[in-house]
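Colleague: What follows is upload33.pdb, made up of PDB, C-alpha atoms:
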```pdb
ATOM      1  CA  CYS A   1      10.385  -4.591  -7.949
ATOM      2  CA  ALA A   2       7.307  -4.407  -5.725
ATOM      3  CA  ALA A   3       5.953  -2.876  -2.542
ATOM      4  CA  PRO A   4       7.244  -2.034  -0.013
ATOM      5  CA  ASP A   5      10.651  -1.720  -1.696
ATOM      6  CA  THR A   6       9.380   0.695  -4.362
ATOM      7  CA  GLY A   7       7.957   3.103  -1.789
ATOM      8  CA  ASN A   8      10.937   2.771   0.526
ATOM      9  CA  MET A   9      13.336   3.502  -2.327
ATOM     10  CA  GLU A  10      11.356   6.643  -3.166
ATOM     11  CA  VAL A  11      11.532   7.743   0.478
ATOM     12  CA  LEU A  12      15.302   7.284   0.559
ATOM     13  CA  ALA A  13      15.729   8.981  -2.823
ATOM     14  CA  LEU A  14      13.579  11.984  -1.862
ATOM     15  CA  TYR A  15      14.342  12.398   1.835
ATOM     16  CA  GLY A  16      17.439  10.350   2.668
ATOM     17  CA  THR A  17      20.869  11.798   3.363
ATOM     18  CA  LYS A  18      23.768  10.868   1.133
ATOM     19  CA  GLU A  19      24.983   8.433   3.785
ATOM     20  CA  GLN A  20      21.522   6.816   4.129
ATOM     21  CA  GLN A  21      21.279   6.475   0.364
ATOM     22  CA  GLU A  22      24.694   4.859   0.063
ATOM     23  CA  LYS A  23      23.973   2.417   2.891
ATOM     24  CA  TRP A  24      20.410   1.422   2.011
ATOM     25  CA  LEU A  25      19.166   2.865  -1.288
ATOM     26  CA  VAL A  26      21.952   1.609  -3.520
ATOM     27  CA  PRO A  27      21.754  -2.050  -2.382
ATOM     28  CA  LEU A  28      17.938  -1.860  -2.570
ATOM     29  CA  MET A  29      18.077  -0.658  -6.164
ATOM     30  CA  GLU A  30      20.642  -3.304  -7.001
ATOM     31  CA  GLY A  31      18.353  -5.981  -5.578
ATOM     32  CA  LYS A  32      20.951  -7.098  -3.049
ATOM     33  CA  ILE A  33      18.659  -6.486  -0.061
ATOM     34  CA  HIS A  34      14.968  -5.980   0.656
ATOM     35  CA  SER A  35      13.132  -3.716   3.106
ATOM     36  CA  ALA A  36       9.983  -3.386   5.220
ATOM     37  CA  PHE A  37       7.617  -0.572   6.188
ATOM     38  CA  ALA A  38       6.199  -0.413   9.734
ATOM     39  CA  MET A  39       3.311   1.967  10.277
ATOM     40  CA  THR A  40       0.097   0.110  11.166
ATOM     41  CA  GLU A  41      -0.540  -0.788  14.818
ATOM     42  CA  PRO A  42      -3.008  -3.349  16.207
ATOM     43  CA  ARG A  43      -4.237  -1.242  19.127
ATOM     44  CA  VAL A  44      -5.265   1.907  17.232
ATOM     45  CA  ALA A  45      -7.047   2.880  14.000
ATOM     46  CA  SER A  46      -3.897   3.449  11.999
ATOM     47  CA  SER A  47      -5.761   4.878   8.988
ATOM     48  CA  ASP A  48      -5.569   8.044  11.106
ATOM     49  CA  ALA A  49      -1.811   8.510  11.412
ATOM     50  CA  THR A  50      -2.206  10.802  14.421
ATOM     51  CA  ASN A  51      -3.183   7.703  16.432
ATOM     52  CA  ILE A  52       0.257   6.097  16.094
ATOM     53  CA  GLN A  53       1.563   5.129  19.551
ATOM     54  CA  THR A  54       5.068   3.784  18.903
ATOM     55  CA  THR A  55       7.589   6.014  20.666
ATOM     56  CA  ILE A  56      10.936   7.257  19.372
ATOM     57  CA  THR A  57      12.710   8.575  22.452
ATOM     58  CA  PRO A  58      15.781  10.822  21.982
ATOM     59  CA  THR A  59      18.961   9.926  23.866
ATOM     60  CA  LYS A  60      22.360  11.556  24.026
ATOM     61  CA  ASP A  61      23.641   9.812  20.904
ATOM     62  CA  GLY A  62      20.517   8.557  19.142
ATOM     63  CA  TYR A  63      17.000   7.211  19.689
ATOM     64  CA  VAL A  64      15.282   4.335  21.495
ATOM     65  CA  ILE A  65      12.206   2.841  19.825
ATOM     66  CA  ASN A  66       9.384   1.048  21.659
ATOM     67  CA  GLY A  67       6.182  -0.118  20.030
ATOM     68  CA  HIS A  68       3.951  -2.820  18.597
ATOM     69  CA  LYS A  69       3.373  -2.979  14.832
ATOM     70  CA  TRP A  70       1.597  -5.331  12.482
ATOM     71  CA  TRP A  71       1.132  -5.682   8.721
ATOM     72  CA  THR A  72       4.798  -4.815   8.427
ATOM     73  CA  SER A  73       5.084  -5.853   4.797
ATOM     74  CA  GLY A  74       8.408  -7.303   3.701
ATOM     75  CA  ALA A  75       9.607  -8.178   7.190
ATOM     76  CA  MET A  76       9.248 -11.958   6.710
ATOM     77  CA  ASP A  77      11.684 -11.997   3.795
ATOM     78  CA  PRO A  78      15.064 -13.372   4.958
ATOM     79  CA  ARG A  79      16.670 -10.793   2.648
ATOM     80  CA  CYS A  80      15.025  -7.903   4.526
ATOM     81  CA  LYS A  81      17.770  -5.775   6.067
ATOM     82  CA  VAL A  82      16.121  -2.464   6.967
ATOM     83  CA  ILE A  83      12.770  -1.196   8.250
ATOM     84  CA  ILE A  84      11.330   2.278   7.812
ATOM     85  CA  LEU A  85       9.267   2.827  10.964
ATOM     86  CA  MET A  86       6.765   5.566  11.775
ATOM     87  CA  GLY A  87       6.469   6.687  15.388
ATOM     88  CA  LYS A  88       6.275   9.702  17.662
ATOM     89  CA  VAL A  89       9.251  11.595  19.054
ATOM     90  CA  ASP A  90       8.421  12.969  22.487
ATOM     91  CA  ARG A  91      10.882  15.416  24.015
ATOM     92  CA  SER A  92       9.943  15.869  27.679
ATOM     93  CA  GLY A  93       6.223  15.406  27.050
ATOM     94  CA  GLN A  94       6.071  18.141  24.396
ATOM     95  CA  ALA A  95       4.657  15.967  21.561
ATOM     96  CA  LYS A  96       0.994  16.569  22.461
ATOM     97  CA  LYS A  97       1.555  20.325  22.260
ATOM     98  CA  LEU A  98       2.624  20.074  18.614
ATOM     99  CA  HIS A  99       0.283  20.186  15.622
ATOM    100  CA  PRO A 100      -1.194  16.667  15.143
ATOM    101  CA  TYR A 101       0.618  16.299  11.823
ATOM    102  CA  MET A 102       3.977  17.364  13.273
ATOM    103  CA  GLN A 103       4.169  14.626  15.894
ATOM    104  CA  GLN A 104       5.142  11.704  13.649
ATOM    105  CA  SER A 105       8.655  10.839  12.532
ATOM    106  CA  MET A 106      10.183   8.143  10.343
ATOM    107  CA  ILE A 107      13.378   6.370  11.233
ATOM    108  CA  LEU A 108      15.565   3.615   9.766
ATOM    109  CA  ILE A 109      15.961   0.456  11.844
ATOM    110  CA  PRO A 110      18.278  -2.398  10.835
ATOM    111  CA  MET A 111      16.355  -5.675  10.842
ATOM    112  CA  ASP A 112      19.018  -7.294  13.020
ATOM    113  CA  ALA A 113      19.039  -4.539  15.652
ATOM    114  CA  PRO A 114      18.707  -5.887  19.225
ATOM    115  CA  GLY A 115      15.131  -5.614  20.434
ATOM    116  CA  VAL A 116      13.504  -6.124  17.005
ATOM    117  CA  THR A 117      11.229  -9.176  17.262
ATOM    118  CA  VAL A 118       8.997 -10.800  14.668
ATOM    119  CA  LYS A 119       6.052 -12.018  16.724
ATOM    120  CA  ARG A 120       4.295 -13.925  13.939
ATOM    121  CA  PRO A 121       3.593 -13.935  10.193
ATOM    122  CA  LEU A 122       0.157 -12.704   9.123
ATOM    123  CA  HIS A 123      -1.910 -14.355   6.398
ATOM    124  CA  VAL A 124      -4.053 -12.460   3.884
ATOM    125  CA  PHE A 125      -7.261 -14.438   3.297
ATOM    126  CA  GLY A 126      -5.185 -17.530   4.027
ATOM    127  CA  TYR A 127      -2.244 -16.595   1.770
ATOM    128  CA  ASP A 128       1.175 -16.045   3.334
ATOM    129  CA  ASP A 129       2.479 -13.846   0.493
ATOM    130  CA  ALA A 130       5.832 -15.603   0.625
ATOM    131  CA  PRO A 131       8.624 -14.800   0.422
ATOM    132  CA  HIS A 132       8.220 -11.188   1.571
ATOM    133  CA  GLY A 133       5.190 -11.724   3.836
ATOM    134  CA  HIS A 134       3.606  -9.498   6.475
ATOM    135  CA  ALA A 135       4.682  -9.528  10.115
ATOM    136  CA  GLU A 136       3.409  -8.605  13.518
ATOM    137  CA  MET A 137       6.423  -7.078  15.251
ATOM    138  CA  VAL A 138       7.526  -5.816  18.643
ATOM    139  CA  PHE A 139      10.190  -3.135  19.086
ATOM    140  CA  ARG A 140      11.512  -3.176  22.625
ATOM    141  CA  ASN A 141      14.232  -0.669  23.574
ATOM    142  CA  VAL A 142      15.652  -0.704  20.046
ATOM    143  CA  LYS A 143      18.618   1.671  19.865
ATOM    144  CA  VAL A 144      19.645   3.417  16.642
ATOM    145  CA  PRO A 145      22.014   6.344  16.001
ATOM    146  CA  LYS A 146      20.627   9.842  15.414
ATOM    147  CA  GLU A 147      21.806   9.598  11.787
ATOM    148  CA  ASN A 148      18.971   7.105  11.151
ATOM    149  CA  MET A 149      16.248   9.780  11.412
ATOM    150  CA  LEU A 150      14.685  10.564   8.036
ATOM    151  CA  LEU A 151      14.430  14.251   7.060
ATOM    152  CA  GLY A 152      14.037  15.346  10.690
ATOM    153  CA  GLU A 153      11.889  14.965  13.760
ATOM    154  CA  GLY A 154       8.208  15.631  13.125
ATOM    155  CA  MET A 155       8.478  15.138   9.353
ATOM    156  CA  GLY A 156       6.895  11.680   9.260
ATOM    157  CA  PHE A 157       3.525  12.794   7.946
ATOM    158  CA  GLN A 158       5.138  14.770   5.147
ATOM    159  CA  ILE A 159       7.231  11.734   4.189
ATOM    160  CA  ALA A 160       4.172   9.467   4.354
ATOM    161  CA  GLN A 161       2.242  11.646   1.915
ATOM    162  CA  GLY A 162       5.205  11.767  -0.436
ATOM    163  CA  ARG A 163       5.612   8.000  -0.215
ATOM    164  CA  LEU A 164       1.986   6.922  -0.403
ATOM    165  CA  GLY A 165       0.955   9.009  -3.424
ATOM    166  CA  PRO A 166       3.283   7.332  -5.940
ATOM    167  CA  GLY A 167       2.842   4.034  -4.075
ATOM    168  CA  ARG A 168      -0.900   4.171  -4.633
ATOM    169  CA  ILE A 169      -0.282   4.760  -8.342
ATOM    170  CA  HIS A 170       1.871   1.623  -8.394
ATOM    171  CA  HIS A 171      -0.843  -0.422  -6.686
ATOM    172  CA  CYS A 172      -3.473   0.796  -9.140
ATOM    173  CA  MET A 173      -1.267  -0.040 -12.117
ATOM    174  CA  ARG A 174      -0.843  -3.558 -10.760
ATOM    175  CA  LEU A 175      -4.597  -3.829 -10.207
ATOM    176  CA  ILE A 176      -5.225  -2.975 -13.845
ATOM    177  CA  GLY A 177      -2.809  -5.725 -14.841
ATOM    178  CA  MET A 178      -4.573  -8.175 -12.525
ATOM    179  CA  ALA A 179      -7.941  -7.249 -14.023
ATOM    180  CA  GLU A 180      -6.566  -7.697 -17.554
ATOM    181  CA  ARG A 181      -5.318 -11.160 -16.612
ATOM    182  CA  ALA A 182      -8.731 -12.062 -15.177
ATOM    183  CA  LEU A 183     -10.537 -10.813 -18.289
ATOM    184  CA  GLU A 184      -8.211 -12.807 -20.529
ATOM    185  CA  MET A 185      -8.989 -15.924 -18.492
ATOM    186  CA  LEU A 186     -12.717 -15.139 -18.539
ATOM    187  CA  VAL A 187     -12.801 -14.872 -22.347
ATOM    188  CA  HIS A 188     -10.745 -18.052 -22.728
ATOM    189  CA  ARG A 189     -13.052 -19.968 -20.409
ATOM    190  CA  THR A 190     -16.267 -18.790 -22.050
ATOM    191  CA  HIS A 191     -15.074 -19.916 -25.481
ATOM    192  CA  LEU A 192     -14.178 -23.415 -24.300
ATOM    193  CA  ARG A 193     -16.856 -24.281 -21.754
ATOM    194  CA  VAL A 194     -20.214 -25.662 -22.939
ATOM    195  CA  ALA A 195     -23.455 -25.418 -20.975
ATOM    196  CA  PHE A 196     -26.990 -26.061 -22.249
ATOM    197  CA  LYS A 197     -25.567 -26.969 -25.701
ATOM    198  CA  LYS A 198     -23.882 -23.583 -26.137
ATOM    199  CA  THR A 199     -20.483 -22.240 -25.259
ATOM    200  CA  LEU A 200     -20.652 -19.819 -22.353
ATOM    201  CA  SER A 201     -19.690 -17.012 -24.743
ATOM    202  CA  GLN A 202     -22.918 -17.609 -26.677
ATOM    203  CA  HIS A 203     -25.016 -16.821 -23.614
ATOM    204  CA  GLY A 204     -26.079 -13.186 -23.399
ATOM    205  CA  GLY A 205     -25.144 -12.771 -19.747
ATOM    206  CA  MET A 206     -21.519 -13.745 -20.340
ATOM    207  CA  ARG A 207     -21.211 -11.423 -23.316
ATOM    208  CA  GLU A 208     -22.509  -8.597 -21.163
ATOM    209  CA  ASN A 209     -19.970  -9.437 -18.439
ATOM    210  CA  ILE A 210     -17.091  -9.374 -20.940
ATOM    211  CA  ALA A 211     -18.229  -5.993 -22.271
ATOM    212  CA  LYS A 212     -18.581  -4.545 -18.761
ATOM    213  CA  CYS A 213     -15.087  -5.754 -17.854
ATOM    214  CA  ARG A 214     -13.502  -4.043 -20.848
ATOM    215  CA  ILE A 215     -15.363  -0.777 -20.167
ATOM    216  CA  GLU A 216     -14.489  -0.738 -16.471
ATOM    217  CA  ILE A 217     -10.813  -1.621 -16.974
ATOM    218  CA  ASP A 218     -10.302   1.089 -19.565
ATOM    219  CA  GLN A 219     -12.154   3.658 -17.459
ATOM    220  CA  CYS A 220      -9.777   2.950 -14.569
ATOM    221  CA  ARG A 221      -6.740   2.926 -16.830
ATOM    222  CA  LEU A 222      -7.526   6.440 -18.039
ATOM    223  CA  LEU A 223      -8.183   7.638 -14.480
ATOM    224  CA  VAL A 224      -4.824   6.225 -13.346
ATOM    225  CA  LEU A 225      -3.083   7.818 -16.323
ATOM    226  CA  GLN A 226      -4.636  11.164 -15.406
ATOM    227  CA  ALA A 227      -3.409  10.874 -11.797
ATOM    228  CA  ALA A 228       0.100   9.866 -12.900
ATOM    229  CA  ASP A 229       0.216  12.756 -15.363
ATOM    230  CA  MET A 230      -0.838  15.227 -12.668
ATOM    231  CA  ILE A 231       1.861  13.979 -10.274
ATOM    232  CA  ASP A 232       4.431  14.497 -13.035
ATOM    233  CA  ARG A 233       3.173  17.982 -13.911
ATOM    234  CA  VAL A 234       2.038  19.560 -10.623
ATOM    235  CA  GLY A 235       3.294  17.231  -7.899
ATOM    236  CA  ASN A 236       1.780  14.802  -5.438
ATOM    237  CA  LYS A 237       0.133  17.397  -3.203
ATOM    238  CA  LYS A 238      -1.942  18.983  -5.971
ATOM    239  CA  ALA A 239      -2.847  15.556  -7.350
ATOM    240  CA  ARG A 240      -4.274  14.327  -4.009
ATOM    241  CA  LYS A 241      -7.865  14.151  -5.228
ATOM    242  CA  GLN A 242      -6.966  12.222  -8.380
ATOM    243  CA  VAL A 243      -4.769   9.784  -6.429
ATOM    244  CA  ALA A 244      -7.562   9.225  -3.893
ATOM    245  CA  MET A 245     -10.035   8.637  -6.729
ATOM    246  CA  ILE A 246      -7.987   5.885  -8.337
ATOM    247  CA  LYS A 247      -7.250   4.283  -4.974
ATOM    248  CA  VAL A 248     -11.022   3.842  -4.516
ATOM    249  CA  ALA A 249     -11.870   2.984  -8.119
ATOM    250  CA  ALA A 250      -9.111   0.531  -9.072
ATOM    251  CA  PRO A 251      -9.459  -2.068  -6.276
ATOM    252  CA  SER A 252     -13.249  -2.040  -6.607
ATOM    253  CA  MET A 253     -12.992  -2.479 -10.369
ATOM    254  CA  ALA A 254     -10.469  -5.309 -10.060
ATOM    255  CA  CYS A 255     -12.589  -7.111  -7.452
ATOM    256  CA  THR A 256     -15.605  -6.943  -9.768
ATOM    257  CA  VAL A 257     -13.747  -8.104 -12.872
ATOM    258  CA  ILE A 258     -12.016 -10.953 -11.045
ATOM    259  CA  ASP A 259     -15.314 -11.989  -9.460
ATOM    260  CA  ARG A 260     -16.906 -12.298 -12.912
ATOM    261  CA  ALA A 261     -14.033 -14.525 -14.025
ATOM    262  CA  ILE A 262     -14.410 -16.647 -10.891
ATOM    263  CA  GLN A 263     -18.103 -17.046 -11.670
ATOM    264  CA  ALA A 264     -17.286 -18.324 -15.163
ATOM    265  CA  TYR A 265     -14.804 -20.864 -13.778
ATOM    266  CA  GLY A 266     -17.218 -22.160 -11.140
ATOM    267  CA  GLY A 267     -15.581 -24.407  -8.555
ATOM    268  CA  MET A 268     -12.203 -24.118 -10.251
ATOM    269  CA  GLY A 269     -12.300 -20.361  -9.713
ATOM    270  CA  VAL A 270     -12.271 -20.589  -5.937
ATOM    271  CA  CYS A 271      -9.594 -23.272  -5.522
ATOM    272  CA  GLN A 272      -5.855 -23.385  -6.052
ATOM    273  CA  ASP A 273      -6.088 -24.590  -9.672
ATOM    274  CA  THR A 274      -6.137 -21.037 -11.058
ATOM    275  CA  ILE A 275      -4.694 -17.723  -9.910
ATOM    276  CA  LEU A 276      -8.125 -16.108  -9.660
ATOM    277  CA  ALA A 277      -8.727 -16.671  -5.948
ATOM    278  CA  TYR A 278      -5.320 -15.207  -5.135
ATOM    279  CA  LEU A 279      -5.908 -12.226  -7.415
ATOM    280  CA  TRP A 280      -9.236 -11.537  -5.722
ATOM    281  CA  ALA A 281      -7.631 -11.727  -2.264
ATOM    282  CA  GLN A 282      -4.963  -9.224  -3.340
ATOM    283  CA  ALA A 283      -7.467  -6.839  -4.901
ATOM    284  CA  ARG A 284      -9.797  -6.964  -1.903
ATOM    285  CA  THR A 285      -6.911  -6.297   0.471
ATOM    286  CA  LEU A 286      -6.049  -3.136  -1.451
ATOM    287  CA  ARG A 287      -9.363  -1.618  -0.409
ATOM    288  CA  LEU A 288      -7.644  -1.422   3.001
ATOM    289  CA  ALA A 289      -3.895  -1.207   2.341
ATOM    290  CA  ASP A 290      -2.440   2.289   1.869
ATOM    291  CA  GLY A 291      -5.629   3.751   3.325
ATOM    292  CA  PRO A 292      -9.176   2.345   3.367
ATOM    293  CA  ASP A 293     -11.807   3.442   0.842
ATOM    294  CA  GLU A 294     -13.574   5.557   3.449
ATOM    295  CA  VAL A 295     -10.511   7.727   4.110
ATOM    296  CA  HIS A 296      -9.940   8.340   0.405
ATOM    297  CA  MET A 297     -13.592   9.188  -0.209
ATOM    298  CA  ARG A 298     -13.382  11.650   2.693
ATOM    299  CA  THR A 299     -10.402  13.273   0.975
ATOM    300  CA  ILE A 300     -12.177  13.397  -2.392
ATOM    301  CA  ALA A 301     -15.308  14.953  -0.879
ATOM    302  CA  ARG A 302     -13.365  17.586   1.076
ATOM    303  CA  ILE A 303     -11.291  18.693  -1.909
ATOM    304  CA  GLU A 304     -14.278  18.640  -4.263
ATOM    305  CA  ALA A 305     -16.356  20.737  -1.868
ATOM    306  CA  LYS A 306     -13.503  23.221  -1.478
ATOM    307  CA  GLN A 307     -13.089  23.513  -5.245
ATOM    308  CA  GLN A 308     -16.807  24.001  -5.771
ATOM    309  CA  ARG A 309     -17.013  26.658  -3.035
ATOM    310  CA  ALA A 310     -14.223  28.567  -4.740
ATOM    311  CA  LYS A 311     -16.477  28.975  -7.797
ATOM    312  CA  LEU A 312     -19.237  30.695  -5.819
TER     313      LEU A 312
END
```
Go ahead and render the structure in this file as structure tokens.
Modeller:
Amino acid sequence: CAAPDTGNMEVLALYGTKEQQEKWLVPLMEGKIHSAFAMTEPRVASSDATNIQTTITPTKDGYVINGHKWWTSGAMDPRCKVIILMGKVDRSGQAKKLHPYMQQSMILIPMDAPGVTVKRPLHVFGYDDAPHGHAEMVFRNVKVPKENMLLGEGMGFQIAQGRLGPGRIHHCMRLIGMAERALEMLVHRTHLRVAFKKTLSQHGGMRENIAKCRIEIDQCRLLVLQAADMIDRVGNKKARKQVAMIKVAAPSMACTVIDRAIQAYGGMGVCQDTILAYLWAQARTLRLADGPDEVHMRTIARIEAKQQRAKL
């Protein structure tokens, strides 16, 4: 099971009604259907969730959704049956009067609802990430019943924080696995390849690279374990700094480790003959997905400063 299904299942488990869970969570967990998550928008800096422009307009018996999304992961999969969408509910122009973090809502939209249009698939460094893919989508007068609202109007930011914390842990765990795979390939290559009458492993620079990879992977593994342990013990909110730390550290570490392996493979490392180029593309993308490095470092700095001030 992978993103976005893991995060969407957590949302439904934590915040869904019994009816929502029976309709969507159970088949998701059974692997009978897949799902998508629609938050990012092309016209605004979506790393700041208060910028979201998609509207969720209340009607007598439900809501009408209008908006333009992209990087809607999972939407290209023919098995995708439901989308969790983030937008703003505006009752008679009152949304702007609310606290910035009480304007967003999340709502369930069936993939086959009239007005849901996949505009195009998006490629990640040339990869289509089939079968689940990433879509640019348009929602035009999409009607859903009021029962499709998750947790309640204005609770979207709260849901997002609950979803993204564990989701970031999952990404970082996968990144550690990707880095381990790259290191394994690096060691294998350096023991087989000969240059200047020595195997690559006999050259000092390659030995140093192997040592650095092991140190950096294990450093990140322990940092991820610490964050996961804190979520289990004190909850996602109190573990925000640790989650932000791993979300910065793990993709950067994986990019570095994979890059060293690519260097050892030479031309083979950048073509389709190994998985390394794809691994690098995935790791580099995760410096943006689920929040860019800059946003997480802002969070780390703010919490650290607050904690240090409390000691004065």
Colleague: Applied to the shown file, which residues does the PyMOL selection byres ((chain A and resi 185) around 12) return, written as a PyMOL selection string?
Modeller: chain A and resi 178-184+186-193+210+213+257-265+269+274-276
Colleague: My list of candidates is A:Ile56, A:Ala13, A:Met268, A:Ile231. Which is closest to Pro166 (chain A) when distances are computed with all atoms listed in the file?
Modeller: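 Closest candidate: A:Ile231.
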Colleague: Using CA of Thr72 (chain A) and CA of Gly133 (chain A) as the two end points, give the distance in Å to one decimal.
Modeller: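 If I compute the distance from CA of Thr72 (chain A) to CA of Gly133 (chain A), I get 8.3 Å.
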Colleague: Need to verify the contact set: Ala227 (chain A), 8 Å, all atoms listed in the file, exclusion of same-chain residues closer than 6 positions in sequence. Can you return it as a PyMOL selection string?
Modeller: chain A and resi 169+239+242-243+246
Colleague: Let me have the centre and edge lengths of the axis-aligned box enclosing all listed atoms of region 193-206 of chain A with 4 Å padding on every side, in Å to one decimal, as AutoDock Vina command-line options.
Modeller:
```
--center_x -21.9 --center_y -19.9 --center_z -23.2 --size_x 18.1 --size_y 22.2 --size_z 14.9
```
Colleague: Could you spell out the hits of the PyMOL selection byres ((chain A and resi 290) around 7) on the shown file, as a list in words?
Modeller: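 Applying the PyMOL selection byres ((chain A and resi 290) around 7) to the structure shown produces Leu164, Arg168, Leu288, Ala289, Gly291 and Pro292 of chain A.
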Colleague: Record the distance separating CA of Tyr127 (chain A) and CA of Ala45 (chain A), expressed in Å with one decimal.
Modeller: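 These two atoms are separated by 23.5 Å.
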Colleague: For the PyMOL selection byres ((chain A and resi 69) around 10), applied here, can you spell out every residue it catches as a VMD selection string?
Modeller: chain A and resid 37 to 43 52 to 54 66 to 68 70 to 72 85 to 86 118 to 119 135 to 139
Colleague: So the first atom is CA of Ile303 (chain A) and the second is CA of Arg287 (chain A); what is the distance between them in Å, to one decimal place?
Modeller: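 Here the two named atoms are 20.5 Å from each other.
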Colleague: Fewer than 3 positions away in the same chain doesn't count, so skip those; otherwise give me all residues within 9 Å of Met102 (chain A), counting only C-alpha atoms, as a list in words.
Modeller: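 In the requested format, the answer is Ala95, Leu98, His99, Ser105, Glu153, Gly154, Met155, Gly156, Phe157 and Gln158 of chain A.
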Colleague: Find the residue from A:Val64, A:Leu150, A:Met245, A:Met76 that sits nearest to Glu19 (chain A); use only C-alpha atoms when measuring.
Modeller: A:Leu150
